[in-house]
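Here is the structure we will look at, set down as structure tokens.
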Amino acid sequence: MISEDTIGRMVPAAQAARANAYAPYSNYKVGAAVLGASGKVYAGANVENASFGLTNCAERSAIFNAISEGEEKIIALVLVLENGGVPCGACRQVMNEFNPDLEIIVADPDGKVAQQLTLVDLLPNAFGPKNLGK
Ligand code: THU
């Protein structure tokens, strides 16, 4: 389990990213923060597109940011959104690539933690790198 201190560092990063969400179509702003194995925190927001299918969720924005900065494994992800949402299926699959035991913390826009989960709860029996011998 990651510490309260670390969650306390990640929540404001996710809230700040949420403020930058580009969500003119859904008006549903989402922010995420990822803890890399190095201890650094990386944030991301949802970025929508007029061609709706090209929308990138906040979770994937944050994960791609972490990996792009040189992280090889992610330890935890904080998600900040309204109405108690949980990560979508596509994001779950992307999370699995970088840690099947990822810890996921869901908070509301005020930063109040609503749920603490692990990726195996959300994506049991996942297809992943191991299936390709990696
Ligand atoms: N969205 C996320 O960014 N993460 C989630 O976990 C759920 C959905 C975004 C995608 C889209 O921009 C908006 O929320 C509504 O689906």
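Chain lettering (A, B, ...) mirrors the order of the structure tokens, residue numbering begins at 1 for each chain separately, and ligand numbering begins at 1 in order of display.
When DSSP is run on the backbone, the residues of chain A that fall into strand (DSSP E) are Gly31, Ala32, Ala33, Val34, Leu35, Gly36, Val41, Tyr42, Ala43, Gly44, Ala45, Ile74, Ile75, Ala76, Leu77, Val78, Leu79, Val80, Glu103, Ile104, Ile105, Val106, Ala107, Val113, Ala114, Gln115, Gln116, Leu117 and Thr118 of chain A.
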Please identify all protein, DNA and RNA residues within 8 Å of ligand 1, counting only C-alpha atoms and all ligand atoms, and report them as a ChimeraX atom specification. /A:22-23,25-31,45-48,55-60,79,81,85-88,91
Counting only C-alpha atoms, what is within 6 Å of Leu102 of chain A, bar same-chain residues fewer than 6 positions away, as a PDB file with all heavy atoms, in the first residue's frame?
ATOM      1  N   ILE A  75       3.653   2.560 -10.073  1.00  0.00           N
ATOM      2  CA  ILE A  75       3.322   1.954  -8.778  1.00  0.00           C
ATOM      3  C   ILE A  75       1.877   2.236  -8.382  1.00  0.00           C
ATOM      4  O   ILE A  75       1.207   1.367  -7.821  1.00  0.00           O
ATOM      5  CB  ILE A  75       4.272   2.504  -7.676  1.00  0.00           C
ATOM      6  CG1 ILE A  75       5.747   2.341  -8.087  1.00  0.00           C
ATOM      7  CG2 ILE A  75       3.979   1.879  -6.325  1.00  0.00           C
ATOM      8  CD1 ILE A  75       6.180   0.906  -8.321  1.00  0.00           C
ATOM      9  N   ALA A  76       1.427   3.442  -8.650  1.00  0.00           N
ATOM     10  CA  ALA A  76       0.075   3.836  -8.229  1.00  0.00           C
ATOM     11  C   ALA A  76      -0.462   4.899  -9.171  1.00  0.00           C
ATOM     12  O   ALA A  76       0.312   5.599  -9.844  1.00  0.00           O
ATOM     13  CB  ALA A  76       0.105   4.367  -6.805  1.00  0.00           C
ATOM     14  N   THR A 118      -7.124  -2.263  -6.633  1.00  0.00           N
ATOM     15  CA  THR A 118      -5.932  -2.667  -7.369  1.00  0.00           C
ATOM     16  C   THR A 118      -6.378  -3.078  -8.769  1.00  0.00           C
ATOM     17  O   THR A 118      -7.543  -3.433  -8.985  1.00  0.00           O
ATOM     18  CB  THR A 118      -5.187  -3.843  -6.699  1.00  0.00           C
ATOM     19  OG1 THR A 118      -6.032  -4.977  -6.710  1.00  0.00           O
ATOM     20  CG2 THR A 118      -4.775  -3.509  -5.288  1.00  0.00           C
ATOM     21  N   LEU A 119      -5.441  -3.015  -9.697  1.00  0.00           N
ATOM     22  CA  LEU A 119      -5.805  -3.300 -11.082  1.00  0.00           C
ATOM     23  C   LEU A 119      -6.346  -4.718 -11.251  1.00  0.00           C
ATOM     24  O   LEU A 119      -7.240  -4.942 -12.063  1.00  0.00           O
ATOM     25  CB  LEU A 119      -4.602  -3.051 -12.003  1.00  0.00           C
ATOM     26  CG  LEU A 119      -4.868  -3.245 -13.490  1.00  0.00           C
ATOM     27  CD1 LEU A 119      -6.006  -2.363 -13.991  1.00  0.00           C
ATOM     28  CD2 LEU A 119      -3.598  -3.003 -14.287  1.00  0.00           C
TER      29      LEU A 119
END
Can you list, as a ChimeraX atom specification, every protein, DNA or RNA residue that comes within 12 Å of Ile104 of chain A when you count only C-alpha atoms, leaving out same-chain residues fewer than 5 positions away? /A:1-2,7,10-11,32-35,59,74-80,85-87,91-92,95-96,99,113-122
Output file for the selection above: N, CA, C and O atoms, as a short mmCIF file (atom, residue, chain, number, x, y, z; two decimals), in the first residue's frame:
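Now in selection-v3.cif:
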data_model
loop_
_atom_site.label_atom_id
_atom_site.label_comp_id
_atom_site.auth_asym_id
_atom_site.auth_seq_id
_atom_site.Cartn_x
_atom_site.Cartn_y
_atom_site.Cartn_z
N MET A 1 0.85 -1.21 0.00
CA MET A 1 0.00 0.00 0.00
C MET A 1 0.88 1.25 0.00
O MET A 1 1.81 1.34 0.78
N ILE A 2 0.54 2.20 -0.85
CA ILE A 2 1.33 3.43 -0.82
C ILE A 2 0.87 4.30 0.36
O ILE A 2 -0.25 4.19 0.84
N ILE A 7 -0.01 9.67 -1.35
CA ILE A 7 -1.33 10.01 -1.90
C ILE A 7 -1.52 11.53 -1.80
O ILE A 7 -2.01 12.17 -2.75
N MET A 10 0.16 13.09 -4.63
CA MET A 10 -0.40 12.79 -5.96
C MET A 10 -1.74 13.49 -6.22
O MET A 10 -2.02 13.90 -7.34
N VAL A 11 -2.56 13.60 -5.19
CA VAL A 11 -3.90 14.18 -5.39
C VAL A 11 -3.82 15.61 -5.96
O VAL A 11 -4.50 15.90 -6.97
N ALA A 32 -5.42 12.82 -13.71
CA ALA A 32 -4.77 11.62 -13.17
C ALA A 32 -3.33 11.96 -12.79
O ALA A 32 -2.72 12.87 -13.37
N ALA A 33 -2.83 11.23 -11.81
CA ALA A 33 -1.41 11.34 -11.45
C ALA A 33 -0.89 9.92 -11.25
O ALA A 33 -1.57 9.08 -10.65
N VAL A 34 0.30 9.69 -11.77
CA VAL A 34 0.92 8.37 -11.72
C VAL A 34 2.22 8.47 -10.92
O VAL A 34 3.00 9.41 -11.10
N LEU A 35 2.42 7.50 -10.02
CA LEU A 35 3.69 7.41 -9.29
C LEU A 35 4.58 6.42 -10.03
O LEU A 35 4.24 5.24 -10.18
N GLU A 59 -6.04 8.98 -17.58
CA GLU A 59 -5.14 7.92 -17.11
C GLU A 59 -4.06 7.63 -18.15
O GLU A 59 -2.87 7.51 -17.82
N ILE A 74 5.05 1.60 -13.20
CA ILE A 74 4.27 2.56 -12.41
C ILE A 74 3.73 1.83 -11.18
O ILE A 74 3.42 0.64 -11.22
N ILE A 75 3.65 2.56 -10.07
CA ILE A 75 3.32 1.95 -8.78
C ILE A 75 1.88 2.24 -8.38
O ILE A 75 1.21 1.37 -7.82
N ALA A 76 1.43 3.44 -8.65
CA ALA A 76 0.08 3.84 -8.23
C ALA A 76 -0.46 4.90 -9.17
O ALA A 76 0.31 5.60 -9.84
N LEU A 77 -1.79 4.99 -9.20
CA LEU A 77 -2.45 6.01 -10.03
C LEU A 77 -3.58 6.63 -9.24
O LEU A 77 -4.40 5.90 -8.66
N VAL A 78 -3.59 7.94 -9.18
CA VAL A 78 -4.71 8.68 -8.56
C VAL A 78 -5.56 9.27 -9.66
O VAL A 78 -5.03 9.88 -10.61
N LEU A 79 -6.86 9.08 -9.53
CA LEU A 79 -7.81 9.58 -10.52
C LEU A 79 -8.72 10.57 -9.82
O LEU A 79 -9.25 10.28 -8.75
N VAL A 80 -8.89 11.74 -10.43
CA VAL A 80 -9.79 12.75 -9.87
C VAL A 80 -10.90 13.02 -10.86
O VAL A 80 -10.64 13.48 -11.98
N GLY A 85 -16.49 7.86 -10.84
CA GLY A 85 -16.10 7.05 -11.99
C GLY A 85 -14.90 6.16 -11.68
O GLY A 85 -14.16 6.40 -10.72
N VAL A 86 -14.74 5.13 -12.48
CA VAL A 86 -13.56 4.26 -12.39
C VAL A 86 -12.94 4.16 -13.79
O VAL A 86 -13.61 4.46 -14.78
N PRO A 87 -11.68 3.76 -13.89
CA PRO A 87 -11.01 3.74 -15.20
C PRO A 87 -11.74 2.88 -16.24
O PRO A 87 -12.24 1.79 -15.92
N CYS A 91 -8.13 1.95 -20.67
CA CYS A 91 -7.08 2.40 -19.75
C CYS A 91 -6.61 1.26 -18.85
O CYS A 91 -5.43 1.17 -18.52
N ARG A 92 -7.53 0.40 -18.46
CA ARG A 92 -7.14 -0.76 -17.63
C ARG A 92 -6.10 -1.61 -18.37
O ARG A 92 -5.13 -2.09 -17.79
N MET A 95 -2.79 0.17 -18.33
CA MET A 95 -2.19 0.07 -16.99
C MET A 95 -1.51 -1.29 -16.81
O MET A 95 -0.41 -1.39 -16.25
N ASN A 96 -2.19 -2.35 -17.27
CA ASN A 96 -1.67 -3.71 -17.11
C ASN A 96 -0.29 -3.88 -17.73
O ASN A 96 0.53 -4.67 -17.25
N ASN A 99 2.13 -2.47 -14.92
CA ASN A 99 2.08 -3.06 -13.58
C ASN A 99 0.71 -3.70 -13.33
O ASN A 99 -0.24 -3.01 -12.96
N VAL A 113 -10.76 11.04 -1.02
CA VAL A 113 -10.62 9.69 -1.57
C VAL A 113 -11.93 8.92 -1.40
O VAL A 113 -12.50 8.85 -0.32
N ALA A 114 -12.41 8.36 -2.54
CA ALA A 114 -13.68 7.63 -2.53
C ALA A 114 -13.46 6.11 -2.56
O ALA A 114 -14.24 5.36 -1.95
N GLN A 115 -12.42 5.67 -3.26
CA GLN A 115 -12.18 4.22 -3.41
C GLN A 115 -10.70 3.96 -3.56
O GLN A 115 -9.99 4.74 -4.20
N GLN A 116 -10.24 2.84 -3.03
CA GLN A 116 -8.87 2.36 -3.26
C GLN A 116 -8.97 0.94 -3.79
O GLN A 116 -9.57 0.07 -3.15
N LEU A 117 -8.39 0.73 -4.95
CA LEU A 117 -8.53 -0.55 -5.66
C LEU A 117 -7.17 -1.02 -6.13
O LEU A 117 -6.20 -0.26 -6.10
N THR A 118 -7.12 -2.26 -6.63
CA THR A 118 -5.93 -2.67 -7.37
C THR A 118 -6.38 -3.08 -8.77
O THR A 118 -7.54 -3.43 -8.99
N LEU A 119 -5.44 -3.01 -9.70
CA LEU A 119 -5.81 -3.30 -11.08
C LEU A 119 -6.35 -4.72 -11.25
O LEU A 119 -7.24 -4.94 -12.06
N VAL A 120 -5.82 -5.66 -10.47
CA VAL A 120 -6.34 -7.04 -10.60
C VAL A 120 -7.84 -7.13 -10.27
O VAL A 120 -8.53 -7.98 -10.80
N ASP A 121 -8.32 -6.22 -9.41
CA ASP A 121 -9.77 -6.18 -9.13
C ASP A 121 -10.53 -5.77 -10.39
O ASP A 121 -11.65 -6.22 -10.64
N LEU A 122 -9.94 -4.86 -11.15
CA LEU A 122 -10.64 -4.25 -12.29
C LEU A 122 -10.41 -5.01 -13.60
O LEU A 122 -11.22 -4.89 -14.53
#
